[in-house]
$ cat work26.cif   # mmCIF, C-alpha atoms
data_entry
loop_
_atom_site.label_atom_id
_atom_site.label_comp_id
_atom_site.auth_asym_id
_atom_site.auth_seq_id
_atom_site.Cartn_x
_atom_site.Cartn_y
_atom_site.Cartn_z
CA MET A 1 4.89 23.67 104.72
CA ASN A 2 6.47 22.11 107.79
CA LYS A 3 8.35 18.82 107.86
CA PRO A 4 6.51 15.55 108.58
CA LEU A 5 7.94 14.86 112.06
CA LEU A 6 7.71 17.09 115.16
CA PHE A 7 10.48 16.34 117.67
CA VAL A 8 9.02 17.22 121.09
CA LEU A 9 11.57 17.60 123.90
CA GLN A 10 9.90 18.02 127.31
CA VAL A 11 11.97 19.57 130.12
CA TYR A 12 11.87 20.77 133.70
CA GLU A 13 14.67 22.56 135.56
CA GLY A 14 16.47 19.33 136.46
CA ASP A 15 16.58 18.23 132.82
CA ILE A 16 18.24 21.28 131.31
CA GLY A 17 21.85 20.09 131.61
CA GLN A 18 21.18 16.67 130.07
CA ALA A 19 18.80 18.12 127.47
CA THR A 20 21.53 20.54 126.40
CA LYS A 21 23.96 17.66 125.91
CA LEU A 22 21.37 15.83 123.78
CA ALA A 23 20.66 18.94 121.72
CA ARG A 24 24.38 19.53 121.16
CA LEU A 25 24.76 15.94 119.99
CA LEU A 26 21.83 16.30 117.56
CA ALA A 27 23.32 19.54 116.21
CA ASP A 28 26.79 18.03 115.85
CA ILE A 29 25.41 15.01 113.99
CA ARG A 30 23.90 17.38 111.43
CA GLY A 31 26.99 19.61 111.13
CA ASP A 32 27.03 23.30 110.18
CA ASP A 33 24.06 24.76 108.29
CA ASN A 34 22.52 21.33 107.72
CA PRO A 35 19.34 21.02 109.83
CA CYS A 36 17.40 17.78 110.03
CA PRO A 37 15.39 17.44 106.79
CA GLU A 38 12.59 15.33 108.27
CA ALA A 39 11.83 17.09 111.58
CA ASP A 40 11.11 20.41 113.23
CA ALA A 41 11.52 20.76 117.00
CA LEU A 42 9.20 21.78 119.81
CA LEU A 43 10.77 22.56 123.18
CA ALA A 44 8.13 22.12 125.89
CA TYR A 45 9.00 23.72 129.24
CA ARG A 46 7.28 22.81 132.47
CA ARG A 47 5.62 25.90 133.93
CA ASP A 48 8.26 26.45 136.61
CA CYS A 49 11.31 25.84 134.38
CA ALA A 50 13.59 28.76 133.51
CA GLN A 51 14.20 29.44 129.83
CA SER A 52 17.47 28.11 128.42
CA HIS A 53 18.77 30.19 125.52
CA LYS A 54 21.65 27.74 125.00
CA LEU A 55 19.29 24.77 124.68
CA GLU A 56 17.06 26.67 122.28
CA ALA A 57 20.00 27.73 120.11
CA LEU A 58 21.29 24.17 119.84
CA LEU A 59 17.87 22.81 118.89
CA GLU A 60 17.54 25.52 116.26
CA ASP A 61 20.93 24.50 114.84
CA ALA A 62 19.87 20.84 114.78
CA PHE A 63 16.40 21.30 113.29
CA GLY A 64 16.27 24.71 111.64
CA THR A 65 12.75 25.39 112.91
CA LEU A 66 12.24 25.53 116.68
CA ARG A 67 8.88 26.09 118.33
CA VAL A 68 8.72 26.86 122.06
CA PHE A 69 5.82 26.11 124.39
CA ARG A 70 5.51 26.76 128.12
CA SER A 71 2.92 24.66 129.91
CA SER A 72 0.42 26.39 132.16
CA ARG A 73 -0.18 23.27 134.24
CA ARG A 74 0.76 23.45 137.93
CA GLU A 75 1.64 19.82 138.62
CA VAL A 76 5.17 19.25 139.91
CA GLY A 77 7.23 16.26 141.02
CA PHE A 78 7.21 12.83 139.47
CA PRO A 79 5.16 11.61 137.82
CA GLY A 80 2.70 14.48 138.30
CA GLY A 81 4.87 17.15 136.71
CA SER A 82 5.67 14.99 133.70
CA ASN A 83 1.99 14.07 133.32
CA GLY A 84 0.81 17.67 133.30
CA LEU A 85 3.51 18.74 130.86
CA TRP A 86 2.80 15.93 128.38
CA CYS A 87 -0.99 16.37 128.48
CA ASP A 88 -0.75 20.14 128.08
CA THR A 89 1.78 19.81 125.26
CA MET A 90 -0.42 17.36 123.37
CA GLN A 91 -3.38 19.72 123.77
CA HIS A 92 -1.26 22.54 122.36
CA ILE A 93 -0.15 20.47 119.38
CA ALA A 94 -3.72 19.39 118.63
CA VAL A 95 -4.93 23.00 118.68
CA GLN A 96 -2.20 24.09 116.26
CA GLN A 97 -3.04 21.17 113.97
CA ALA A 98 -6.78 21.88 114.11
CA HIS A 99 -6.21 25.52 113.16
CA LYS A 100 -3.91 24.43 110.29
CA ALA A 101 -1.09 26.48 111.80
CA TRP A 102 0.92 23.24 111.85
CA GLU A 103 0.53 20.17 109.66
CA TYR A 104 2.75 17.49 111.14
CA GLU A 105 2.23 13.85 110.31
CA VAL A 106 3.41 12.61 113.71
CA ALA A 107 5.17 13.78 116.90
CA LEU A 108 7.99 12.13 118.81
CA THR A 109 7.47 12.94 122.49
CA THR A 110 10.77 12.41 124.24
CA GLU A 111 12.92 13.43 127.20
CA ALA A 112 16.48 14.36 128.06
CA ASP A 113 17.54 10.77 128.84
CA ALA A 114 17.19 9.70 125.21
CA VAL A 115 19.71 9.39 122.42
CA PRO A 116 19.82 8.62 118.68
CA LEU A 117 21.62 5.42 117.70
CA VAL A 118 21.82 6.12 113.97
CA GLN A 119 22.47 9.30 112.01
CA GLU A 120 19.23 8.96 110.05
CA TRP A 121 17.10 8.48 113.20
CA ALA A 122 14.31 10.85 112.10
CA ALA A 123 13.85 9.17 108.72
CA ARG A 124 13.83 5.77 110.41
CA LEU A 125 11.13 6.84 112.85
CA LEU A 126 8.96 8.11 110.02
CA VAL A 127 9.33 4.76 108.25
CA ALA A 128 8.34 3.00 111.49
CA TRP A 129 5.21 5.15 111.89
CA ARG A 130 4.09 4.69 108.30
CA ARG A 131 4.75 0.96 108.40
CA ALA A 132 2.72 0.58 111.60
CA LYS A 133 -0.21 2.44 110.07
CA ASP A 134 -0.01 0.40 106.87
CA ILE A 135 -0.11 -2.83 108.86
CA LYS A 136 -2.64 -1.93 111.55
CA GLY A 137 -4.64 0.88 109.97
CA GLN A 138 -5.51 3.03 112.99
CA VAL A 139 -2.45 3.80 115.13
CA VAL A 140 -2.23 6.67 117.60
CA VAL A 141 0.87 5.64 119.60
CA ALA A 142 3.91 3.64 118.47
CA GLY A 143 7.01 2.80 120.45
CA HIS A 144 8.40 0.21 122.86
CA TRP A 145 5.69 -1.97 124.39
CA LEU A 146 6.48 -3.19 127.90
CA PRO A 147 4.47 -5.70 129.95
CA ASN A 148 4.47 -3.73 133.22
CA GLY A 149 2.11 -1.02 134.43
CA GLU A 150 -1.20 -0.59 136.24
CA HIS A 151 -3.16 -2.48 133.58
CA GLU A 152 -3.01 -6.02 132.24
CA CYS A 153 -2.37 -4.71 128.73
CA GLY A 154 1.08 -3.36 129.67
CA HIS A 155 2.06 0.00 128.16
CA ILE A 156 4.10 1.74 125.50
CA ASN A 157 6.85 3.84 127.03
CA GLY A 158 6.18 7.57 126.73
CA ASN A 159 9.21 8.21 124.55
CA CYS A 160 7.14 7.36 121.53
CA LEU A 161 5.55 8.42 118.27
CA VAL A 162 2.14 10.02 118.80
CA ASP A 163 -0.66 11.10 116.48
CA THR A 164 -0.72 14.90 116.54
CA ARG A 165 -4.53 14.87 116.91
CA LEU A 166 -4.51 12.53 119.91
CA ALA A 167 -5.75 15.10 122.43
CA THR A 168 -8.98 15.50 120.43
CA MET A 169 -9.78 11.77 120.40
CA ASP A 170 -10.90 11.39 124.02
CA PRO A 171 -11.69 14.07 126.64
CA ALA A 172 -9.78 12.00 129.22
CA PHE A 173 -6.50 13.09 127.61
CA VAL A 174 -6.81 16.48 129.28
CA GLY A 175 -5.06 15.02 132.33
CA CYS A 176 -4.46 12.00 134.55
CA ALA A 177 -3.75 10.98 138.13
CA GLU A 178 -0.60 12.51 139.58
CA GLN A 179 0.43 9.22 141.20
CA MET A 180 0.71 7.19 137.96
CA ALA A 181 2.76 7.95 134.85
CA TRP A 182 0.64 9.04 131.89
CA ASP A 183 1.94 6.30 129.59
CA THR A 184 0.71 3.56 131.95
CA TRP A 185 -2.44 5.46 133.03
CA PHE A 186 -3.67 5.89 129.46
CA ALA A 187 -2.50 2.48 128.19
CA PRO A 188 -5.99 0.93 127.80
CA LYS A 189 -7.19 3.95 125.82
CA PHE A 190 -4.11 3.91 123.60
CA LYS A 191 -4.60 0.20 122.96
CA ALA A 192 -8.27 0.70 122.12
CA LEU A 193 -7.50 3.55 119.72
CA GLY A 194 -4.59 1.65 118.16
CA TRP A 195 -1.00 1.17 119.24
CA ALA A 196 2.06 -0.52 117.78
CA ASN A 197 5.27 -1.95 119.18
CA VAL A 198 8.04 -0.79 116.81
CA PRO A 199 11.70 -1.90 117.05
CA GLU A 200 12.97 1.55 116.04
CA ILE A 201 12.32 2.83 119.60
CA ARG A 202 13.56 1.01 122.70
CA SER A 203 13.50 1.96 126.38
CA LEU A 204 16.00 0.66 128.93
CA TYR A 205 14.53 2.52 131.86
CA ARG A 206 17.06 3.68 134.45
CA GLU A 207 19.88 1.55 133.05
CA LYS A 208 23.45 2.80 133.51
CA ASN A 209 26.84 2.10 131.97
CA ILE A 210 25.46 0.54 128.82
CA GLN A 211 28.23 -1.25 126.93
CA PRO A 212 29.00 -0.82 123.22
CA ASP A 213 28.21 -4.44 122.41
CA LYS A 214 24.72 -4.05 123.89
CA ILE A 215 24.12 -0.86 121.88
CA GLU A 216 25.27 -2.59 118.71
CA HIS A 217 22.94 -5.52 119.46
CA ILE A 218 20.01 -3.12 119.90
CA ILE A 219 20.87 -1.39 116.63
CA GLY A 220 21.06 -4.77 114.92
CA ASN A 221 17.49 -5.39 116.04
CA GLY A 222 16.36 -2.16 114.36
CA CYS A 223 16.60 0.51 117.07
CA ALA A 224 17.15 4.12 115.99
CA TRP A 225 16.10 5.97 119.19
CA LEU A 226 16.99 4.78 122.71
CA HIS A 227 15.52 6.06 125.97
CA GLY A 228 16.25 5.61 129.64
CA ILE A 229 20.04 5.51 130.13
CA LYS A 230 20.74 7.48 133.32
CA ASP A 231 24.39 8.33 132.78
CA GLU A 232 26.68 9.53 129.98
CA SER A 233 27.40 6.10 128.46
CA SER A 234 24.90 6.18 125.60
CA LEU A 235 25.65 9.81 124.78
CA ALA A 236 29.37 9.05 124.71
CA TRP A 237 28.78 6.12 122.35
CA ALA A 238 26.62 8.24 120.04
CA ARG A 239 29.14 11.08 119.93
CA ALA A 240 31.97 8.67 119.14
CA ASN A 241 30.06 6.84 116.42
CA LEU A 242 27.61 9.32 114.85
CA VAL A 243 29.44 12.66 114.75
CA ALA A 244 31.75 13.17 111.77
CA LYS A 245 35.39 13.36 112.78
#
$ encode --input "work26.cif" --output "structure tokens"
Amino acid sequence: MNKPLLFVLQVYEGDIGQATKLARLLADIRGDDNPCPEADALLAYRRDCAQSHKLEALLEDAFGTLRVFRSSRREVGFPGGSNGLWCDTMQHIAVQQAHKAWEYEVALTTEADAVPLVQEWAARLLVAWRRAKDIKGQVVVAGHWLPNGEHECGHINGNCLVDTRLATMDPAFVGCAEQMAWDTWFAPKFKALGWANVPEIRSLYREKNIQPDKIEHIIGNGCAWLHGIKDESSLAWARANLVAK
């Protein structure tokens, strides 16, 4: 029996350095021989990304169980490469779930520019997912809702909690336009199927030099997983505050 949460880290060649720093942080938060009790990990490589044994070893230390997937999609660049990787990864997860090879309750699809803000981040995300479903009933995506995007409904940033069966719910999820990010492209479908804005996940897209008082304010509002900081500031804060001395 696998754990309830699948931590899905999506990478291309340019992400490997930052992803390795994130994985090392996650492993150090857990300490020796103490993998995350709530989550297994899936490392999803873009088709053209070289394998990183160091990254894989750190994720295995952090989670105990590591699954590895290499996308067969040929899209590259941004957002096309990210779109193809996410869509292919969600198809892969849905197939494993349908065949009963995996039985995860929910997946966190995330990227290298993310960071935990609390030690018990995985447990907090599970609580957020279950609460959202209790309140709204049908929920397929939960995360940070933002008002921008191609559609009037806004979108939920793609560093989010996702139903592991999502790819089976609409044939459109096989892929999307290469010129628009998948999280904004699919926003109307996610809304129609059921989405939730949860405080446990926040996105500060492309922000730099985030200050400790701002992080503490975000935590005070319930955040456990932060995405979008494009320098070392959030990682440095997390290492200083979450790793046992």
$ residues_around --input "work26.cif" --residues "A:Ala27" --least-positions-apart "5" --cutoff "9 Å" --atoms "only C-alpha atoms" --output "ChimeraX atom specification"
/A:22,32,34-36,58-63
$ residues_around --input "work26.cif" --residues "A:Asp170" --least-positions-apart "2" --cutoff "12 Å" --atoms "only C-alpha atoms" --output "number ranges by chain"
A: 87, 91, 140, 165-168, 172-175, 186, 189-190, 192-193
$ residues_around --input "work26.cif" --residues "stretch 40-50 of chain A" --least-positions-apart "2" --cutoff "8 Å" --atoms "all atoms listed in the file" --output "PyMOL selection string"
chain A and resi 2-3+5-13+36+38+52+56+59-60+63-74+81+85+89
$ closest_residue --input "work26.cif" --among "A:Gly137, A:Gly194, A:Gly31, A:Gly220" --to "A:Leu117" --atoms "all atoms listed in the file"
A:Gly220
$ atom_distance --input "work26.cif" --atom1 "atom CA of A:Leu235" --atom2 "atom CA of A:Asn209"
10.6 Å
$ resolve_selection --input "work26.cif" --expression "the PyMOL selection byres ((chain A and resi 241) around 12)" --output "VMD selection string"
chain A and resid 25 28 to 29 116 to 119 212 215 to 216 234 to 240 242 to 245
$ closest_residue --input "work26.cif" --among "A:Leu26, A:Pro188, A:Val115, A:Cys153" --to "A:Glu232" --atoms "all atoms listed in the file"
A:Val115
$ atom_distance --input "work26.cif" --atom1 "atom CA of A:Lys208" --atom2 "atom CA of A:Lys230"
5.4 Å
